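> Structure file work.tsv, TSV, C-alpha atoms, is pasted below:
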```tsv
chain	number	residue	atom	x	y	z
W	997	MET	CA	85.55	89.37	118.31
W	998	LEU	CA	84.30	86.57	116.04
W	999	ALA	CA	82.52	89.17	113.92
W	1000	GLN	CA	85.76	91.15	113.62
W	1001	MET	CA	87.64	88.06	112.46
W	1002	LEU	CA	84.94	87.27	109.89
W	1003	ASN	CA	85.02	90.86	108.62
W	1004	THR	CA	88.80	90.64	108.31
W	1005	ILE	CA	88.77	87.31	106.49
W	1006	LEU	CA	86.03	88.55	104.12
W	1007	SER	CA	87.78	91.84	103.32
W	1008	PRO	CA	89.31	92.18	99.81
W	1009	VAL	CA	92.82	92.64	101.25
W	1010	VAL	CA	92.81	89.31	103.11
W	1011	LEU	CA	90.90	87.46	100.39
W	1012	PHE	CA	93.55	88.38	97.82
W	1013	PHE	CA	96.17	87.06	100.22
W	1014	VAL	CA	94.14	83.85	100.58
W	1015	LEU	CA	93.83	83.63	96.78
W	1016	GLY	CA	97.60	83.82	96.35
W	1017	PHE	CA	98.16	81.42	99.25
W	1018	GLY	CA	95.75	78.86	97.78
W	1019	ALA	CA	97.17	79.22	94.29
W	1020	GLY	CA	100.64	78.62	95.67
W	1021	LEU	CA	99.59	75.51	97.58
W	1022	LEU	CA	97.96	74.16	94.40
W	1023	ARG	CA	101.18	74.96	92.48
W	1024	SER	CA	99.33	77.20	90.05
W	1025	SER	CA	101.25	79.09	87.36
W	1026	LEU	CA	99.91	82.36	88.80
W	1027	SER	CA	102.77	84.75	89.59
W	1028	VAL	CA	103.55	88.42	90.05
W	1029	PRO	CA	106.69	89.63	88.19
W	1030	GLU	CA	109.50	90.35	90.62
W	1031	ALA	CA	110.02	93.88	89.33
W	1032	LEU	CA	106.33	94.68	89.79
W	1033	ALA	CA	106.32	93.19	93.31
W	1034	LYS	CA	109.28	95.38	94.23
W	1035	GLY	CA	107.51	98.43	92.80
W	1036	LEU	CA	104.38	97.69	94.82
W	1037	SER	CA	106.49	97.37	97.97
W	1038	LEU	CA	108.15	100.72	97.31
W	1039	TYR	CA	104.78	102.35	96.75
W	1040	LEU	CA	103.33	101.03	100.02
W	1041	MET	CA	106.34	102.16	102.07
W	1042	LEU	CA	106.30	105.60	100.44
W	1043	ALA	CA	102.56	106.02	101.00
W	1044	ILE	CA	102.47	104.87	104.63
W	1045	GLY	CA	105.58	106.91	105.47
W	1046	PHE	CA	104.25	110.08	103.85
W	1047	LYS	CA	100.83	109.77	105.47
W	1048	GLY	CA	102.46	109.23	108.84
W	1049	GLY	CA	104.63	112.30	108.35
W	1050	VAL	CA	101.61	114.45	107.55
W	1051	GLU	CA	99.93	113.21	110.73
W	1052	MET	CA	103.10	113.96	112.69
W	1053	SER	CA	102.97	117.54	111.45
W	1054	HIS	CA	99.75	117.90	113.45
W	1055	ALA	CA	101.25	116.52	116.67
W	1056	SER	CA	103.66	117.87	119.27
W	1057	LEU	CA	106.52	116.02	120.96
W	1058	ASP	CA	105.07	114.95	124.31
W	1059	ALA	CA	105.41	112.15	126.86
W	1060	GLY	CA	103.17	109.86	124.80
W	1061	VAL	CA	105.36	110.18	121.71
W	1062	VAL	CA	108.59	109.68	123.67
W	1063	GLY	CA	107.09	106.77	125.60
W	1064	THR	CA	105.88	105.03	122.44
W	1065	ILE	CA	109.24	105.37	120.74
W	1066	GLY	CA	110.92	104.07	123.89
W	1067	LEU	CA	108.57	101.08	123.96
W	1068	GLY	CA	109.33	100.31	120.34
W	1069	LEU	CA	113.08	100.46	120.89
W	1070	GLY	CA	112.82	98.38	124.06
W	1071	ALA	CA	110.79	95.72	122.28
W	1072	GLY	CA	113.27	95.71	119.41
W	1073	PHE	CA	116.12	94.95	121.80
W	1074	GLY	CA	114.24	92.68	124.21
W	1075	LEU	CA	111.99	90.43	122.10
W	1076	PRO	CA	114.93	88.72	120.32
W	1077	VAL	CA	116.29	87.70	123.73
W	1078	VAL	CA	112.93	86.11	124.61
W	1079	ALA	CA	112.73	84.40	121.23
W	1080	PHE	CA	116.30	83.12	121.55
W	1081	ALA	CA	115.60	81.62	124.98
W	1082	ILE	CA	112.51	79.81	123.65
W	1083	LEU	CA	114.31	78.54	120.56
W	1084	ARG	CA	117.27	77.23	122.54
W	1085	GLY	CA	115.13	75.77	125.31
W	1086	PHE	CA	112.42	74.03	123.29
W	1087	THR	CA	113.78	73.42	119.79
W	1088	ARG	CA	116.82	71.78	118.27
W	1089	LEU	CA	118.24	74.89	116.63
W	1090	GLU	CA	121.94	75.58	116.92
W	1091	THR	CA	122.93	78.81	118.62
W	1092	ILE	CA	123.77	80.66	115.39
W	1093	ASP	CA	120.48	79.70	113.75
W	1094	ALA	CA	118.54	80.55	116.92
W	1095	ALA	CA	120.19	84.00	117.08
W	1096	SER	CA	119.40	84.65	113.42
W	1097	VAL	CA	115.73	83.64	113.81
W	1098	ALA	CA	115.42	85.62	117.05
W	1099	ALA	CA	116.54	88.84	115.32
W	1100	HIS	CA	113.61	88.50	112.89
W	1101	TYR	CA	111.16	88.46	115.81
W	1102	GLY	CA	112.33	91.70	117.35
W	1103	SER	CA	112.02	93.49	114.05
W	1104	ILE	CA	108.85	94.33	112.14
W	1105	SER	CA	106.84	93.55	109.02
W	1106	VAL	CA	105.90	96.71	107.13
W	1107	VAL	CA	103.23	94.85	105.14
W	1108	THR	CA	101.56	93.56	108.32
W	1109	PHE	CA	101.61	97.12	109.67
W	1110	VAL	CA	100.03	98.46	106.46
W	1111	ALA	CA	97.32	95.77	106.55
W	1112	ALA	CA	96.62	96.56	110.20
W	1113	SER	CA	96.42	100.32	109.63
W	1114	ASP	CA	93.99	99.74	106.76
W	1115	TYR	CA	91.92	97.39	108.95
W	1116	ILE	CA	91.57	99.72	111.94
W	1117	SER	CA	90.85	102.69	109.64
W	1118	GLY	CA	87.96	100.65	108.27
W	1119	LEU	CA	86.67	100.31	111.83
W	1120	GLY	CA	86.80	104.06	112.31
W	1121	LEU	CA	89.72	103.92	114.75
W	1122	ALA	CA	92.18	106.81	114.48
W	1123	TYR	CA	95.90	106.46	115.19
W	1124	ASP	CA	98.79	108.86	115.70
W	1125	GLY	CA	101.10	109.40	112.73
W	1126	TYR	CA	104.26	109.20	114.80
W	1127	ILE	CA	103.78	105.42	115.03
W	1128	VAL	CA	105.34	105.29	111.54
W	1129	ALA	CA	108.58	106.59	113.07
W	1130	VAL	CA	108.52	103.59	115.42
W	1131	VAL	CA	108.25	101.30	112.37
W	1132	ALA	CA	111.56	102.61	111.03
W	1133	MET	CA	113.26	102.58	114.44
W	1134	MET	CA	112.46	98.95	115.33
W	1135	GLU	CA	114.57	97.39	112.55
W	1136	THR	CA	118.05	98.16	113.88
W	1137	PRO	CA	117.77	97.20	117.60
W	1138	ALA	CA	116.64	93.66	116.71
W	1139	ILE	CA	119.61	93.15	114.39
W	1140	ILE	CA	122.01	94.34	117.09
W	1141	SER	CA	120.41	92.01	119.65
W	1142	GLY	CA	120.65	89.07	117.26
W	1143	LEU	CA	124.36	89.70	116.68
W	1144	TRP	CA	125.00	90.05	120.41
W	1145	LEU	CA	123.27	86.72	121.03
W	1146	ALA	CA	125.37	85.09	118.32
W	1147	GLN	CA	128.60	86.53	119.74
W	1148	ARG	CA	127.93	84.85	123.08
W	1149	SER	CA	128.49	81.48	121.45
W	1150	ALA	CA	131.93	80.00	120.98
W	1151	SER	CA	130.79	78.74	117.59
W	1152	ALA	CA	130.37	82.33	116.46
W	1153	LYS	CA	134.05	83.21	116.68
W	1154	LYS	CA	134.40	83.21	112.92
W	1155	LYS	CA	131.49	85.58	112.33
W	1156	ARG	CA	132.24	88.79	110.53
W	1157	GLY	CA	131.09	91.15	113.26
W	1158	MET	CA	129.88	94.72	112.75
W	1159	ASP	CA	132.04	95.49	109.71
W	1160	ARG	CA	131.42	98.30	107.24
W	1161	GLU	CA	129.23	96.25	104.92
W	1162	LEU	CA	127.00	95.15	107.78
W	1163	MET	CA	126.76	98.69	109.14
W	1164	ARG	CA	125.56	99.85	105.74
W	1165	GLU	CA	122.99	97.03	105.61
W	1166	VAL	CA	121.68	97.84	109.08
W	1167	PHE	CA	121.51	101.61	108.92
W	1168	LEU	CA	121.12	102.26	105.19
W	1169	ASN	CA	118.68	99.47	104.38
W	1170	GLY	CA	116.42	100.56	101.54
W	1171	SER	CA	113.14	100.01	103.36
W	1172	VAL	CA	114.34	102.01	106.39
W	1173	ILE	CA	115.60	104.86	104.19
W	1174	LEU	CA	112.37	105.06	102.17
W	1175	LEU	CA	110.11	104.90	105.23
W	1176	THR	CA	112.14	107.48	107.15
W	1177	GLY	CA	112.60	109.77	104.15
W	1178	SER	CA	108.90	109.67	103.25
W	1179	LEU	CA	108.03	110.36	106.88
W	1180	VAL	CA	110.27	113.45	106.94
W	1181	ILE	CA	108.92	114.71	103.60
W	1182	GLY	CA	105.33	114.30	104.82
W	1183	TRP	CA	106.23	116.02	108.08
W	1184	VAL	CA	107.83	119.00	106.31
W	1185	THR	CA	105.19	119.47	103.61
W	1186	GLY	CA	102.17	118.75	105.81
W	1187	ASP	CA	98.62	119.15	104.51
W	1188	ALA	CA	99.74	121.08	101.44
W	1189	GLY	CA	101.98	118.21	100.41
W	1190	MET	CA	99.22	115.69	100.99
W	1191	LYS	CA	96.81	117.70	98.85
W	1192	SER	CA	99.27	117.79	95.97
W	1193	ILE	CA	99.87	114.01	95.78
W	1194	GLU	CA	96.67	112.64	97.35
W	1195	PRO	CA	95.43	111.23	94.00
W	1196	PHE	CA	98.60	109.10	93.91
W	1197	ILE	CA	98.68	107.77	97.48
W	1198	GLY	CA	94.99	107.99	98.38
W	1199	ALA	CA	92.52	106.11	96.20
W	1200	PRO	CA	95.03	103.64	94.63
W	1201	PHE	CA	96.36	102.50	98.02
W	1202	LYS	CA	93.95	99.63	98.71
W	1203	GLY	CA	94.17	98.29	95.18
W	1204	VAL	CA	97.96	98.21	95.34
W	1205	LEU	CA	97.78	96.55	98.75
W	1206	CYS	CA	95.49	93.82	97.37
W	1207	LEU	CA	97.87	93.08	94.50
W	1208	PHE	CA	100.88	93.06	96.82
W	1209	LEU	CA	99.20	90.69	99.26
W	1210	LEU	CA	98.33	88.39	96.35
W	1211	ASP	CA	102.07	88.12	95.74
W	1212	MET	CA	102.76	87.70	99.46
W	1213	GLY	CA	100.25	84.83	99.57
W	1214	LEU	CA	102.13	83.08	96.78
W	1215	ALA	CA	105.43	83.56	98.63
W	1216	ALA	CA	104.01	82.46	101.99
W	1217	SER	CA	102.61	79.23	100.54
W	1218	THR	CA	106.03	78.36	99.18
W	1219	ARG	CA	107.55	78.83	102.63
W	1220	LEU	CA	104.77	76.87	104.30
W	1221	ARG	CA	105.43	73.89	102.02
W	1222	ALA	CA	109.04	74.03	103.21
W	1223	ALA	CA	107.81	74.02	106.83
W	1224	ARG	CA	106.45	70.49	106.41
W	1225	GLY	CA	109.95	69.16	106.88
W	1226	MET	CA	110.65	71.29	109.94
W	1227	ASP	CA	110.40	70.27	113.57
W	1228	ALA	CA	106.80	70.78	114.77
W	1229	ARG	CA	108.12	72.74	117.74
W	1230	LEU	CA	109.65	75.30	115.37
W	1231	VAL	CA	106.36	75.73	113.53
W	1232	ALA	CA	104.59	76.16	116.88
W	1233	PHE	CA	107.13	78.85	117.76
W	1234	GLY	CA	106.08	80.76	114.63
W	1235	ALA	CA	102.54	81.05	116.03
W	1236	LEU	CA	103.48	81.42	119.71
W	1237	MET	CA	106.02	84.23	119.39
W	1238	PRO	CA	103.55	86.73	117.86
W	1239	LEU	CA	101.27	86.24	120.86
W	1240	ILE	CA	104.16	86.93	123.24
W	1241	GLY	CA	105.11	90.05	121.29
W	1242	ALA	CA	101.48	91.17	121.21
W	1243	THR	CA	101.26	90.81	124.99
W	1244	VAL	CA	104.30	93.07	125.40
W	1245	GLY	CA	102.78	95.60	122.99
W	1246	LEU	CA	99.39	95.65	124.70
W	1247	LEU	CA	100.78	95.99	128.22
W	1248	GLY	CA	103.20	98.68	127.08
W	1249	SER	CA	100.41	100.57	125.31
W	1250	ARG	CA	98.33	100.55	128.48
W	1251	LEU	CA	101.32	101.71	130.53
W	1252	VAL	CA	101.96	104.69	128.25
W	1253	GLY	CA	98.24	105.44	127.83
W	1254	LEU	CA	97.97	105.04	124.07
W	1255	SER	CA	94.71	105.29	122.17
W	1256	ILE	CA	93.07	102.11	120.87
W	1257	GLY	CA	94.23	102.71	117.30
W	1258	THR	CA	97.83	103.61	118.13
W	1259	GLY	CA	98.05	100.83	120.74
W	1260	THR	CA	96.78	98.28	118.22
W	1261	LEU	CA	99.44	99.26	115.70
W	1262	LEU	CA	102.21	99.16	118.31
W	1263	THR	CA	100.94	95.69	119.29
W	1264	VAL	CA	101.01	94.58	115.66
W	1265	LEU	CA	104.60	95.80	115.35
W	1266	CYS	CA	105.66	93.84	118.43
W	1267	ALA	CA	103.85	90.74	117.14
W	1268	SER	CA	105.26	90.78	113.60
W	1269	ALA	CA	108.50	89.41	112.18
W	1270	SER	CA	110.79	90.81	109.49
W	1271	TYR	CA	111.32	89.00	106.20
W	1272	ILE	CA	113.01	91.81	104.24
W	1273	ALA	CA	115.51	93.94	106.18
W	1274	VAL	CA	116.72	91.42	108.78
W	1275	PRO	CA	117.35	88.53	106.34
W	1276	ALA	CA	119.55	90.85	104.29
W	1277	ALA	CA	121.53	91.89	107.38
W	1278	MET	CA	121.85	88.32	108.69
W	1279	ARG	CA	123.13	87.14	105.31
W	1280	VAL	CA	126.06	89.55	105.73
W	1281	ALA	CA	126.63	89.15	109.48
W	1282	LEU	CA	125.94	85.43	110.00
W	1283	PRO	CA	126.59	83.71	106.65
W	1284	GLN	CA	126.76	80.33	108.42
W	1285	ALA	CA	123.16	80.62	109.64
W	1286	ASN	CA	120.54	78.74	107.62
W	1287	PRO	CA	118.07	81.32	106.19
W	1288	ALA	CA	115.47	78.58	105.54
W	1289	TYR	CA	114.54	78.58	109.24
W	1290	SER	CA	113.99	82.31	109.61
W	1291	LEU	CA	112.25	82.90	106.28
W	1292	THR	CA	109.99	79.87	106.62
W	1293	LEU	CA	108.89	80.91	110.11
W	1294	SER	CA	108.53	84.66	109.52
W	1295	LEU	CA	106.92	84.50	106.07
W	1296	GLY	CA	105.33	81.05	106.01
W	1297	VAL	CA	103.90	80.89	109.54
W	1298	THR	CA	103.91	84.22	111.41
W	1299	PHE	CA	102.86	86.48	108.54
W	1300	PRO	CA	99.71	84.49	107.58
W	1301	PHE	CA	98.86	84.05	111.27
W	1302	ASN	CA	98.98	87.80	111.86
W	1303	VAL	CA	97.14	88.84	108.69
W	1304	VAL	CA	94.24	86.41	109.05
W	1305	LEU	CA	93.88	85.94	112.82
W	1306	GLY	CA	96.29	88.21	114.67
W	1307	ILE	CA	95.15	91.66	113.53
W	1308	PRO	CA	91.47	91.25	114.53
W	1309	LEU	CA	92.53	89.53	117.78
W	1310	TYR	CA	94.95	92.31	118.73
W	1311	THR	CA	92.36	94.97	117.82
W	1312	HIS	CA	89.72	93.29	119.99
W	1313	LEU	CA	92.10	93.03	122.94
W	1314	ALA	CA	93.18	96.66	122.52
W	1315	GLN	CA	89.52	97.73	122.55
W	1316	ARG	CA	89.05	95.86	125.80
W	1317	LEU	CA	92.30	96.90	127.49
W	1318	LEU	CA	92.84	100.44	126.21
W	1319	ALA	CA	89.28	101.77	126.18
```
Take the structure in the file and write it out as structure tokens.

Amino acid sequence: MLAQMLNTILSPVVLFFVLGFGAGLLRSSLSVPEALAKGLSLYLMLAIGFKGGVEMSHASLDAGVVGTIGLGLGAGFGLPVVAFAILRGFTRLETIDAASVAAHYGSISVVTFVAASDYISGLGLAYDGYIVAVVAMMETPAIISGLWLAQRSASAKKKRGMDRELMREVFLNGSVILLTGSLVIGWVTGDAGMKSIEPFIGAPFKGVLCLFLLDMGLAASTRLRAARGMDARLVAFGALMPLIGATVGLLGSRLVGLSIGTGTLLTVLCASASYIAVPAAMRVALPQANPAYSLTLSLGVTFPFNVVLGIPLYTHLAQRLLA
């Protein structure tokens, strides 16, 4: 396990994240233009979605596929409830803020998933392409759970509810559309489609991922500096909640009988936290919630924890539990 962690930390992908993180902490002038960062994000979602679709074209709909999707949906609905209970029981967060943060921890981080898929591929571990469908499906349940938790509070009476604008943000979010659309295109075109665009999404993938994680390191360091003024119990939550989510993912993977690679990725999904889709939805649905809490925890604490320590830890545990 220690060797796996060292290999992860010394991989180019993580080292570029560390470079950006360190540069941000030192307040360097290093930066990635916002337009370029958005383009890199679009590329990664398109590539991972298309590759997953091609893999799905080789698979048939069986109990394992249905069970995995069911686990993902169940985690999306259930993990925010667990996070909310912890936040309300052990921190000083108001109900609205706790509900908003909790929704982030039932959703997923596409970048963490991409980093994990690259890591396990480097170890020679195969995974089933349909797991990409679970990535797209886990965004919405967490948002719905977060809103339900907020509605239970009397202080939430003035919230906007599930109006048309929120419905569009939840179901037509750009990242969900691109992931799902790329998945379907890869599924329909199969190996022939992969052969035609492989030079675009094959060799360049790791280089783009390194550059994107450089930018994510810069962003995470900014959020971590903001965490210095936060309650220590909140910061601890940002490291504890991924471990709880990972436990759910590992036990669920064993229950369904997933392979080591697929089980690791499902575990990573359960352990990650959204910092793209859910913040956008919460801004519309719960405008009175303070986004500094959720973004600082998800991007400044949980994301670095998962990229540097979590992924090798979850892979090691999956190898022990799912072998």
> Just the residues within 9 Å of segment 1235-1238 of chain W, please, counting all atoms listed in the file, with nothing from its chain fewer than 5 positions along; format it as a ChimeraX atom specification.
/W:1078-1079,1082,1101,1243,1264,1266-1269,1293,1297-1298,1301-1302,1306
> Could you tell me, as a list of chain:residue names, which residues have any atom at most 8 Å from (94.0, 117.8, 110.8), counting all atoms listed in the file?
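Using all atoms listed in the file, the matching residues come out as W:Glu1051, W:His1054, W:Asp1187.
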> Using all atoms listed in the file, which of the listed residues (W:Val1128, W:Leu1179, W:Leu1032, W:Leu1121) sits closest to Gly1049 of chain W?
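Smallest separation from Gly1049 of chain W among the options: W:Leu1179.
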> Can you work out the spacing between atom CA of Leu1083 of chain W and atom CA of Thr1218 of chain W in Å, to one decimal?
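We find that atom CA of Leu1083 of chain W and atom CA of Thr1218 of chain W lie 22.9 Å from each other.
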> Excluding Ser1270 of chain W and its own-chain neighbours fewer than 4 positions away, which residues fall within 7 Å of it when counting all atoms listed in the file? Please give them as a VMD selection string.
chain W and resid 1100 to 1101 1103 to 1105 1274 1294
> Could you take the residues named above and write them with C-alpha atoms, as a compact mmCIF listing (two decimals), keeping the file's coordinate frame?

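The result, written out as result08.txt:
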```
# COMPACT_ATOMS: atom_id res chain seq x y z
CA HIS W 1100 113.61 88.50 112.89
CA TYR W 1101 111.16 88.46 115.81
CA SER W 1103 112.02 93.49 114.05
CA ILE W 1104 108.85 94.33 112.14
CA SER W 1105 106.84 93.55 109.02
CA VAL W 1274 116.72 91.42 108.78
CA SER W 1294 108.53 84.66 109.52
```
> Using all atoms listed in the file, which of W:Ala1228, W:Leu1175, W:Ile1307, W:Leu1011 sits nearest Met1134 of chain W?
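The closest residue to Met1134 of chain W is W:Leu1175.
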> Which of these, W:Leu1220, W:Ile1065, W:Ala1033, W:Ala1146, has the shortest distance to Gln1284 of chain W once you count all atoms listed in the file?
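The shortest atom-to-atom distance to Gln1284 of chain W comes from W:Ala1146.
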> In terms of the shortest atom-to-atom distance over all atoms listed in the file, which of W:Gly1213, W:Gly1045, W:Gly1234, W:Gly1072 is closest to Gly1018 of chain W?
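Closest candidate: W:Gly1213.
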> Do a neighbour search on Gly1074 of chain W at 12 Å with only C-alpha atoms, toss out local chain neighbours closer than 6 positions, and write the hits as a VMD selection string.
chain W and resid 1066 to 1068 1080 to 1081 1098 to 1099 1101 to 1103 1134 1137 to 1142 1144 to 1145 1240 to 1241 1244 to 1245 1266
> For the residues in that selection, give me C-alpha atoms as an mmCIF file, keeping the file's coordinate frame.

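After the write, part_34.cif holds the following:
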```
data_model
loop_
_atom_site.group_PDB
_atom_site.id
_atom_site.type_symbol
_atom_site.label_atom_id
_atom_site.label_comp_id
_atom_site.auth_asym_id
_atom_site.auth_seq_id
_atom_site.Cartn_x
_atom_site.Cartn_y
_atom_site.Cartn_z
ATOM 1 C CA GLY W 1066 110.920 104.070 123.890
ATOM 2 C CA LEU W 1067 108.570 101.080 123.960
ATOM 3 C CA GLY W 1068 109.330 100.310 120.340
ATOM 4 C CA PHE W 1080 116.300 83.120 121.550
ATOM 5 C CA ALA W 1081 115.600 81.620 124.980
ATOM 6 C CA ALA W 1098 115.420 85.620 117.050
ATOM 7 C CA ALA W 1099 116.540 88.840 115.320
ATOM 8 C CA TYR W 1101 111.160 88.460 115.810
ATOM 9 C CA GLY W 1102 112.330 91.700 117.350
ATOM 10 C CA SER W 1103 112.020 93.490 114.050
ATOM 11 C CA MET W 1134 112.460 98.950 115.330
ATOM 12 C CA PRO W 1137 117.770 97.200 117.600
ATOM 13 C CA ALA W 1138 116.640 93.660 116.710
ATOM 14 C CA ILE W 1139 119.610 93.150 114.390
ATOM 15 C CA ILE W 1140 122.010 94.340 117.090
ATOM 16 C CA SER W 1141 120.410 92.010 119.650
ATOM 17 C CA GLY W 1142 120.650 89.070 117.260
ATOM 18 C CA TRP W 1144 125.000 90.050 120.410
ATOM 19 C CA LEU W 1145 123.270 86.720 121.030
ATOM 20 C CA ILE W 1240 104.160 86.930 123.240
ATOM 21 C CA GLY W 1241 105.110 90.050 121.290
ATOM 22 C CA VAL W 1244 104.300 93.070 125.400
ATOM 23 C CA GLY W 1245 102.780 95.600 122.990
ATOM 24 C CA CYS W 1266 105.660 93.840 118.430
#
```
> Ranking W:Ala1111, W:Leu1119, W:Val1184, W:Leu1089 by minimum distance to Arg1229 of chain W and counting all atoms listed in the file, which one comes first?
W:Leu1089
> Report, in Å to a single decimal, how far apart atom CA of Val1106 of chain W and atom CA of Ile1272 of chain W are.
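So the two atoms, atom CA of Ile1272 of chain W and atom CA of Val1106 of chain W, lie 9.1 Å apart.
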> Quick one: residues within 12 Å of Thr1064 of chain W, only C-alpha atoms counted, chain neighbours fewer than 5 positions away excluded, as an mmCIF file with C-alpha atoms, in the frame of the given file?

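Done, and the output landed in around04.cif:
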```cif
data_model
loop_
_atom_site.group_PDB
_atom_site.id
_atom_site.type_symbol
_atom_site.label_atom_id
_atom_site.label_comp_id
_atom_site.auth_asym_id
_atom_site.auth_seq_id
_atom_site.Cartn_x
_atom_site.Cartn_y
_atom_site.Cartn_z
ATOM 1 C CA LEU W 1057 106.520 116.020 120.960
ATOM 2 C CA ASP W 1058 105.070 114.950 124.310
ATOM 3 C CA ALA W 1059 105.410 112.150 126.860
ATOM 4 C CA LEU W 1069 113.080 100.460 120.890
ATOM 5 C CA GLY W 1070 112.820 98.380 124.060
ATOM 6 C CA ALA W 1071 110.790 95.720 122.280
ATOM 7 C CA ASP W 1124 98.790 108.860 115.700
ATOM 8 C CA GLY W 1125 101.100 109.400 112.730
ATOM 9 C CA TYR W 1126 104.260 109.200 114.800
ATOM 10 C CA ILE W 1127 103.780 105.420 115.030
ATOM 11 C CA VAL W 1128 105.340 105.290 111.540
ATOM 12 C CA ALA W 1129 108.580 106.590 113.070
ATOM 13 C CA VAL W 1130 108.520 103.590 115.420
ATOM 14 C CA VAL W 1131 108.250 101.300 112.370
ATOM 15 C CA MET W 1133 113.260 102.580 114.440
ATOM 16 C CA MET W 1134 112.460 98.950 115.330
ATOM 17 C CA GLY W 1245 102.780 95.600 122.990
ATOM 18 C CA LEU W 1246 99.390 95.650 124.700
ATOM 19 C CA LEU W 1247 100.780 95.990 128.220
ATOM 20 C CA GLY W 1248 103.200 98.680 127.080
ATOM 21 C CA SER W 1249 100.410 100.570 125.310
ATOM 22 C CA ARG W 1250 98.330 100.550 128.480
ATOM 23 C CA LEU W 1251 101.320 101.710 130.530
ATOM 24 C CA VAL W 1252 101.960 104.690 128.250
ATOM 25 C CA GLY W 1253 98.240 105.440 127.830
ATOM 26 C CA LEU W 1254 97.970 105.040 124.070
ATOM 27 C CA SER W 1255 94.710 105.290 122.170
ATOM 28 C CA THR W 1258 97.830 103.610 118.130
ATOM 29 C CA GLY W 1259 98.050 100.830 120.740
ATOM 30 C CA LEU W 1261 99.440 99.260 115.700
ATOM 31 C CA LEU W 1262 102.210 99.160 118.310
ATOM 32 C CA THR W 1263 100.940 95.690 119.290
ATOM 33 C CA LEU W 1265 104.600 95.800 115.350
ATOM 34 C CA CYS W 1266 105.660 93.840 118.430
#
```
